[in-house]
>>> print(open('work01.pdb').read())   # PDB, C-alpha atoms, pLDDT in the B column
ATOM      1  CA  MET P 120     -17.529  16.091  -8.352  1.00 44.00           C
ATOM      2  CA  ASN P 121     -19.221  14.380  -5.367  1.00 45.00           C
ATOM      3  CA  ARG P 122     -15.944  12.607  -4.522  1.00 44.00           C
ATOM      4  CA  LEU P 123     -14.089  15.936  -4.631  1.00 40.00           C
ATOM      5  CA  LEU P 124     -16.638  17.541  -2.302  1.00 40.00           C
ATOM      6  CA  THR P 125     -16.499  14.572   0.073  1.00 42.00           C
ATOM      7  CA  VAL P 126     -12.698  14.612   0.170  1.00 40.00           C
ATOM      8  CA  GLY P 127     -12.719  18.386   0.698  1.00 42.00           C
ATOM      9  CA  CYS P 128     -15.218  18.146   3.553  1.00 41.00           C
ATOM     10  CA  VAL P 129     -13.322  15.297   5.220  1.00 41.00           C
ATOM     11  CA  GLY P 130     -10.093  17.286   4.893  1.00 44.00           C
ATOM     12  CA  LEU P 131     -11.728  20.328   6.457  1.00 38.00           C
ATOM     13  CA  VAL P 132     -13.026  18.258   9.371  1.00 38.00           C
ATOM     14  CA  PHE P 133      -9.570  16.753   9.975  1.00 38.00           C
ATOM     15  CA  ALA P 134      -7.952  20.199   9.743  1.00 38.00           C
ATOM     16  CA  CYS P 135     -10.360  21.612  12.319  1.00 40.00           C
ATOM     17  CA  ALA P 136      -9.940  18.552  14.545  1.00 39.00           C
ATOM     18  CA  SER P 137      -6.168  18.838  14.289  1.00 37.00           C
ATOM     19  CA  MET P 138      -6.186  22.518  15.241  1.00 36.00           C
ATOM     20  CA  SER P 139      -8.462  21.866  18.220  1.00 39.00           C
ATOM     21  CA  GLY P 140      -6.444  18.873  19.412  1.00 42.00           C
ATOM     22  CA  LEU P 141      -9.420  16.571  18.864  1.00 41.00           C
ATOM     23  CA  ALA P 142      -7.501  14.536  16.299  1.00 42.00           C
ATOM     24  CA  GLU P 143      -4.870  13.556  18.852  1.00 41.00           C
ATOM     25  CA  LYS P 144      -7.512  12.571  21.427  1.00 43.00           C
ATOM     26  CA  THR P 145      -9.618  10.465  19.036  1.00 43.00           C
ATOM     27  CA  GLY P 146      -6.851   8.902  16.956  1.00 43.00           C
ATOM     28  CA  ALA P 147      -8.095  10.580  13.778  1.00 42.00           C
ATOM     29  CA  VAL P 148      -5.833  10.454  10.767  1.00 43.00           C
ATOM     30  CA  THR P 149      -3.673  13.551  10.442  1.00 38.00           C
ATOM     31  CA  SER P 150      -0.781  14.428   8.189  1.00 32.00           C
ATOM     32  CA  ARG P 151       1.527  12.876  10.802  1.00 32.00           C
ATOM     33  CA  THR P 152      -0.195   9.469  10.662  1.00 39.00           C
ATOM     34  CA  ALA P 153      -1.150   9.165   6.985  1.00 45.00           C
ATOM     35  CA  LEU P 154       1.236   7.925   4.317  1.00 45.00           C
ATOM     36  CA  ALA P 155       3.684  10.666   3.458  1.00 42.00           C
ATOM     37  CA  VAL P 156       3.134  12.382   0.126  1.00 42.00           C
ATOM     38  CA  GLY P 157       4.880  10.358  -2.553  1.00 45.00           C
ATOM     39  CA  GLN P 158       5.377   7.329  -0.288  1.00 52.00           C
ATOM     40  CA  GLU P 159       4.211   4.122  -1.941  1.00 63.00           C
ATOM     41  CA  ALA P 160       2.134   1.501  -0.181  1.00 69.00           C
ATOM     42  CA  SER P 161       3.834  -1.888  -0.377  1.00 89.00           C
ATOM     43  CA  SER P 162       0.647  -3.748  -1.372  1.00 95.00           C
ATOM     44  CA  SER P 163      -3.042  -3.340  -2.070  1.00 97.00           C
ATOM     45  CA  VAL P 164      -6.207  -5.134  -1.063  1.00 97.00           C
ATOM     46  CA  LEU P 165      -6.071  -6.878  -4.448  1.00 96.00           C
ATOM     47  CA  ASP P 166      -3.038  -8.856  -3.227  1.00 97.00           C
ATOM     48  CA  GLY P 167      -4.981 -11.233  -0.939  1.00 97.00           C
ATOM     49  CA  VAL P 168      -4.079  -9.505   2.332  1.00 98.00           C
ATOM     50  CA  PHE P 169      -6.471 -11.501   4.562  1.00 98.00           C
ATOM     51  CA  THR P 170      -7.425 -15.162   4.890  1.00 98.00           C
ATOM     52  CA  SER P 171     -10.829 -16.779   4.419  1.00 98.00           C
ATOM     53  CA  ALA P 172     -10.663 -17.982   8.030  1.00 98.00           C
ATOM     54  CA  GLN P 173     -10.038 -14.422   9.233  1.00 98.00           C
ATOM     55  CA  ALA P 174     -13.008 -13.120   7.220  1.00 98.00           C
ATOM     56  CA  LEU P 175     -15.157 -15.936   8.647  1.00 98.00           C
ATOM     57  CA  ARG P 176     -14.233 -14.892  12.207  1.00 98.00           C
ATOM     58  CA  GLY P 177     -14.972 -11.302  11.218  1.00 98.00           C
ATOM     59  CA  GLY P 178     -18.399 -12.335   9.963  1.00 97.00           C
ATOM     60  CA  GLY P 179     -19.362 -13.647  13.384  1.00 98.00           C
ATOM     61  CA  LEU P 180     -18.107 -10.472  15.049  1.00 98.00           C
ATOM     62  CA  TYR P 181     -19.916  -8.331  12.464  1.00 97.00           C
ATOM     63  CA  ASN P 182     -23.197 -10.141  13.134  1.00 96.00           C
ATOM     64  CA  GLU P 183     -22.786  -9.643  16.900  1.00 97.00           C
ATOM     65  CA  ASN P 184     -21.570  -6.033  16.897  1.00 96.00           C
ATOM     66  CA  CYS P 185     -22.358  -4.315  13.597  1.00 95.00           C
ATOM     67  CA  ALA P 186     -25.319  -5.849  11.758  1.00 94.00           C
ATOM     68  CA  SER P 187     -27.929  -4.280  14.042  1.00 92.00           C
ATOM     69  CA  CYS P 188     -27.040  -0.860  12.574  1.00 92.00           C
ATOM     70  CA  HIS P 189     -25.332  -1.568   9.245  1.00 94.00           C
ATOM     71  CA  GLY P 190     -27.587  -4.504   8.376  1.00 93.00           C
ATOM     72  CA  PRO P 191     -26.843  -8.097   7.397  1.00 93.00           C
ATOM     73  CA  ASP P 192     -26.432  -6.902   3.799  1.00 91.00           C
ATOM     74  CA  PHE P 193     -24.062  -4.017   4.785  1.00 90.00           C
ATOM     75  CA  MET P 194     -26.464  -1.439   3.314  1.00 89.00           C
ATOM     76  CA  GLY P 195     -27.066   0.478   6.550  1.00 87.00           C
ATOM     77  CA  ASP P 196     -30.049   2.735   7.108  1.00 86.00           C
ATOM     78  CA  GLU P 197     -30.730   6.410   7.670  1.00 82.00           C
ATOM     79  CA  MET P 198     -28.412   6.460  10.717  1.00 86.00           C
ATOM     80  CA  ALA P 199     -25.653   4.047   9.616  1.00 89.00           C
ATOM     81  CA  PRO P 200     -23.918   4.154   6.232  1.00 88.00           C
ATOM     82  CA  SER P 201     -23.478   1.349   3.751  1.00 87.00           C
ATOM     83  CA  ILE P 202     -20.097  -0.259   4.428  1.00 90.00           C
ATOM     84  CA  ALA P 203     -19.516  -2.651   1.534  1.00 87.00           C
ATOM     85  CA  GLY P 204     -19.775  -2.767  -2.218  1.00 84.00           C
ATOM     86  CA  ASN P 205     -19.859   0.369  -4.358  1.00 86.00           C
ATOM     87  CA  ASP P 206     -20.450   2.801  -1.474  1.00 85.00           C
ATOM     88  CA  PHE P 207     -17.431   1.414   0.364  1.00 86.00           C
ATOM     89  CA  ILE P 208     -15.258   1.506  -2.755  1.00 87.00           C
ATOM     90  CA  VAL P 209     -16.209   5.086  -3.674  1.00 89.00           C
ATOM     91  CA  PHE P 210     -15.417   6.414  -0.201  1.00 89.00           C
ATOM     92  CA  TRP P 211     -12.310   4.372   0.699  1.00 93.00           C
ATOM     93  CA  THR P 212     -10.454   3.947  -2.630  1.00 93.00           C
ATOM     94  CA  GLU P 213      -6.882   5.292  -2.491  1.00 95.00           C
ATOM     95  CA  VAL P 214      -6.870   5.281   1.315  1.00 96.00           C
ATOM     96  CA  PRO P 215      -4.557   3.050   3.390  1.00 97.00           C
ATOM     97  CA  VAL P 216      -6.251   0.141   5.180  1.00 97.00           C
ATOM     98  CA  GLY P 217      -4.751   1.527   8.406  1.00 97.00           C
ATOM     99  CA  SER P 218      -6.950   4.618   8.117  1.00 97.00           C
ATOM    100  CA  LEU P 219     -10.079   2.474   7.847  1.00 96.00           C
ATOM    101  CA  PHE P 220      -8.893   0.308  10.762  1.00 97.00           C
ATOM    102  CA  GLU P 221      -8.382   3.407  12.929  1.00 97.00           C
ATOM    103  CA  ARG P 222     -11.744   4.883  11.924  1.00 95.00           C
ATOM    104  CA  ILE P 223     -13.563   1.679  12.872  1.00 95.00           C
ATOM    105  CA  LYS P 224     -11.583   1.276  16.092  1.00 96.00           C
ATOM    106  CA  VAL P 225     -12.289   4.787  17.441  1.00 97.00           C
ATOM    107  CA  SER P 226     -15.951   4.935  16.419  1.00 95.00           C
ATOM    108  CA  MET P 227     -17.441   1.428  16.431  1.00 95.00           C
ATOM    109  CA  PRO P 228     -19.514  -0.136  17.787  1.00 95.00           C
ATOM    110  CA  ALA P 229     -21.423   3.117  18.169  1.00 92.00           C
ATOM    111  CA  ASP P 230     -22.649   2.188  21.652  1.00 93.00           C
ATOM    112  CA  ASP P 231     -19.142   1.363  22.952  1.00 95.00           C
ATOM    113  CA  PRO P 232     -16.268   2.326  20.618  1.00 95.00           C
ATOM    114  CA  GLY P 233     -13.024   0.456  21.236  1.00 95.00           C
ATOM    115  CA  ARG P 234     -14.635  -2.489  22.996  1.00 96.00           C
ATOM    116  CA  LEU P 235     -13.169  -5.061  20.586  1.00 98.00           C
ATOM    117  CA  SER P 236      -9.519  -6.089  20.530  1.00 98.00           C
ATOM    118  CA  ASP P 237      -7.272  -4.964  17.649  1.00 98.00           C
ATOM    119  CA  GLU P 238      -7.368  -8.538  16.331  1.00 98.00           C
ATOM    120  CA  GLU P 239     -11.175  -8.523  16.374  1.00 98.00           C
ATOM    121  CA  TYR P 240     -11.335  -5.183  14.556  1.00 98.00           C
ATOM    122  CA  THR P 241      -8.936  -6.594  11.970  1.00 98.00           C
ATOM    123  CA  ASP P 242     -11.122  -9.687  11.552  1.00 98.00           C
ATOM    124  CA  VAL P 243     -14.172  -7.465  10.936  1.00 97.00           C
ATOM    125  CA  LEU P 244     -12.126  -5.466   8.446  1.00 97.00           C
ATOM    126  CA  ALA P 245     -11.233  -8.705   6.604  1.00 98.00           C
ATOM    127  CA  TYR P 246     -14.941  -9.538   6.468  1.00 97.00           C
ATOM    128  CA  LEU P 247     -15.756  -6.106   5.000  1.00 95.00           C
ATOM    129  CA  LEU P 248     -13.030  -6.509   2.369  1.00 95.00           C
ATOM    130  CA  GLU P 249     -14.387  -9.937   1.458  1.00 95.00           C
ATOM    131  CA  ALA P 250     -17.926  -8.490   1.219  1.00 93.00           C
ATOM    132  CA  SER P 251     -16.582  -5.936  -1.277  1.00 92.00           C
ATOM    133  CA  SER P 252     -15.223  -8.783  -3.448  1.00 92.00           C
ATOM    134  CA  TYR P 253     -11.548  -8.439  -2.579  1.00 95.00           C
ATOM    135  CA  PRO P 254      -9.632 -11.744  -2.767  1.00 96.00           C
ATOM    136  CA  SER P 255      -8.427 -13.648   0.262  1.00 98.00           C
ATOM    137  CA  GLY P 256      -4.866 -14.959   0.471  1.00 98.00           C
ATOM    138  CA  GLU P 257      -2.490 -17.006   2.585  1.00 98.00           C
ATOM    139  CA  SER P 258      -1.632 -14.423   5.284  1.00 97.00           C
ATOM    140  CA  GLU P 259      -3.894 -12.779   7.818  1.00 98.00           C
ATOM    141  CA  LEU P 260      -4.384  -9.043   7.860  1.00 97.00           C
ATOM    142  CA  PRO P 261      -2.118  -7.841  10.694  1.00 97.00           C
ATOM    143  CA  ALA P 262      -3.545  -6.114  13.766  1.00 97.00           C
ATOM    144  CA  ASP P 263      -0.896  -3.388  13.517  1.00 97.00           C
ATOM    145  CA  LYS P 264      -1.802   0.069  12.195  1.00 96.00           C
ATOM    146  CA  ALA P 265       1.688   0.773  10.816  1.00 97.00           C
ATOM    147  CA  ALA P 266       1.579  -2.456   8.792  1.00 97.00           C
ATOM    148  CA  LEU P 267      -2.001  -1.744   7.681  1.00 98.00           C
ATOM    149  CA  ASP P 268      -0.902   1.704   6.501  1.00 97.00           C
ATOM    150  CA  GLN P 269       1.281  -0.068   3.924  1.00 97.00           C
ATOM    151  CA  ILE P 270      -1.792  -1.664   2.282  1.00 98.00           C
ATOM    152  CA  MET P 271      -3.786   0.567  -0.061  1.00 97.00           C
ATOM    153  CA  ILE P 272      -7.503   0.206  -0.736  1.00 97.00           C
ATOM    154  CA  VAL P 273      -7.990   0.243  -4.498  1.00 96.00           C
ATOM    155  CA  ALA P 274     -10.935  -0.423  -6.798  1.00 92.00           C
ATOM    156  CA  PRO P 275     -11.448  -4.142  -7.451  1.00 81.00           C
ATOM    157  CA  ALA P 276     -10.229  -5.564 -10.738  1.00 74.00           C
ATOM    158  CA  GLU P 277     -13.046  -6.067 -13.188  1.00 69.00           C
TER     159      GLU P 277
END
>>> encode(input="work01.pdb", output="structure tokens")
Amino acid sequence: MNRLLTVGCVGLVFACASMSGLAEKTGAVTSRTALAVGQEASSSVLDGVFTSAQALRGGGLYNENCASCHGPDFMGDEMAPSIAGNDFIVFWTEVPVGSLFERIKVSMPADDPGRLSDEEYTDVLAYLLEASSYPSGESELPADKAALDQIMIVAPAE
């Protein structure tokens, strides 16, 4: 029920943003940028879509740019949400990685959104995936939103 309410609220926010033009200005996900209904993602985060080296680079960037708000353990505080583990999985499951990439890129770091390069944001994203127990692989996560949209976030295998 909580997931349904969250999805409904997020949808309402995006609908309002889309009607006001805010979505186009901020890069928010709209029906034009999300996967089309019925379109299949070509892979999932269970397929080893980032490398250990990429996650390691992301860890350094996370410590420099994110840990002061989200914490070294990713659990956040009253102003910044938890961004790994169960909280991450509940909120982002069944969403393309490209949507998470775009969300991070347009809103983080909170004091200067967009200050990192696309490659750096992708490295941080690899670190967050690793922190949520997703497996690494042989290829780096690409710094291309269209390619990231083809990778689905799914619940980890148990």
>>> resolve_selection(input="work01.pdb", expression="the PyMOL selection byres ((chain P and resi 181) around 9)", output="NGL selection string")
:P and (176-180 or 182-186 or 191 or 242-243 or 246-247)
>>> resolve_selection(input="work01.pdb", expression="the PyMOL selection byres ((chain P and resi 222-237) around 10)", output="PyMOL selection string")
chain P and resi 144-148+180-181+184-185+188+199+216-221+238-244+261-264
>>> resolve_selection(input="work01.pdb", expression="the PyMOL selection byres ((chain P and resi 212) around 7)", output="MDAnalysis selection string")
chainID P and resid 208:211 213:214 272:274
>>> residues_around(input="work01.pdb", residues="P:Met194", least_positions_apart="5", cutoff="12 Å", atoms="all atoms listed in the file", output="mmCIF file with C-alpha atoms, in the coordinates of the input")
data_model
loop_
_atom_site.group_PDB
_atom_site.id
_atom_site.type_symbol
_atom_site.label_atom_id
_atom_site.label_comp_id
_atom_site.auth_asym_id
_atom_site.auth_seq_id
_atom_site.Cartn_x
_atom_site.Cartn_y
_atom_site.Cartn_z
ATOM 1 C CA CYS P 185 -22.358 -4.315 13.597
ATOM 2 C CA ALA P 186 -25.319 -5.849 11.758
ATOM 3 C CA SER P 187 -27.929 -4.280 14.042
ATOM 4 C CA CYS P 188 -27.040 -0.860 12.574
ATOM 5 C CA HIS P 189 -25.332 -1.568 9.245
ATOM 6 C CA ALA P 199 -25.653 4.047 9.616
ATOM 7 C CA PRO P 200 -23.918 4.154 6.232
ATOM 8 C CA SER P 201 -23.478 1.349 3.751
ATOM 9 C CA ILE P 202 -20.097 -0.259 4.428
ATOM 10 C CA ALA P 203 -19.516 -2.651 1.534
ATOM 11 C CA GLY P 204 -19.775 -2.767 -2.218
ATOM 12 C CA ASN P 205 -19.859 0.369 -4.358
ATOM 13 C CA ASP P 206 -20.450 2.801 -1.474
ATOM 14 C CA PHE P 207 -17.431 1.414 0.364
ATOM 15 C CA LEU P 247 -15.756 -6.106 5.000
ATOM 16 C CA ALA P 250 -17.926 -8.490 1.219
ATOM 17 C CA SER P 251 -16.582 -5.936 -1.277
#
>>> closest_residue(input="work01.pdb", among="P:Ala276, P:Tyr253, P:Gln269, P:Met198", to="P:Phe169", atoms="only C-alpha atoms")
P:Tyr253
>>> atom_distance(input="work01.pdb", atom1="atom CA of P:Pro254", atom2="atom CA of P:Leu165")
6.3 Å
>>> atom_distance(input="work01.pdb", atom1="atom CA of P:Leu267", atom2="atom CA of P:Gln173")
15.1 Å
>>> atom_distance(input="work01.pdb", atom1="atom CA of P:Ala266", atom2="atom CA of P:Leu175")
21.5 Å
>>> closest_residue(input="work01.pdb", among="P:Ala265, P:Ile270, P:Val164, P:Ala172", to="P:Leu248", atoms="only C-alpha atoms")
P:Val164
>>> closest_residue(input="work01.pdb", among="P:Pro275, P:Ala245, P:Gly195, P:Pro215", to="P:Leu260", atoms="only C-alpha atoms")
P:Ala245
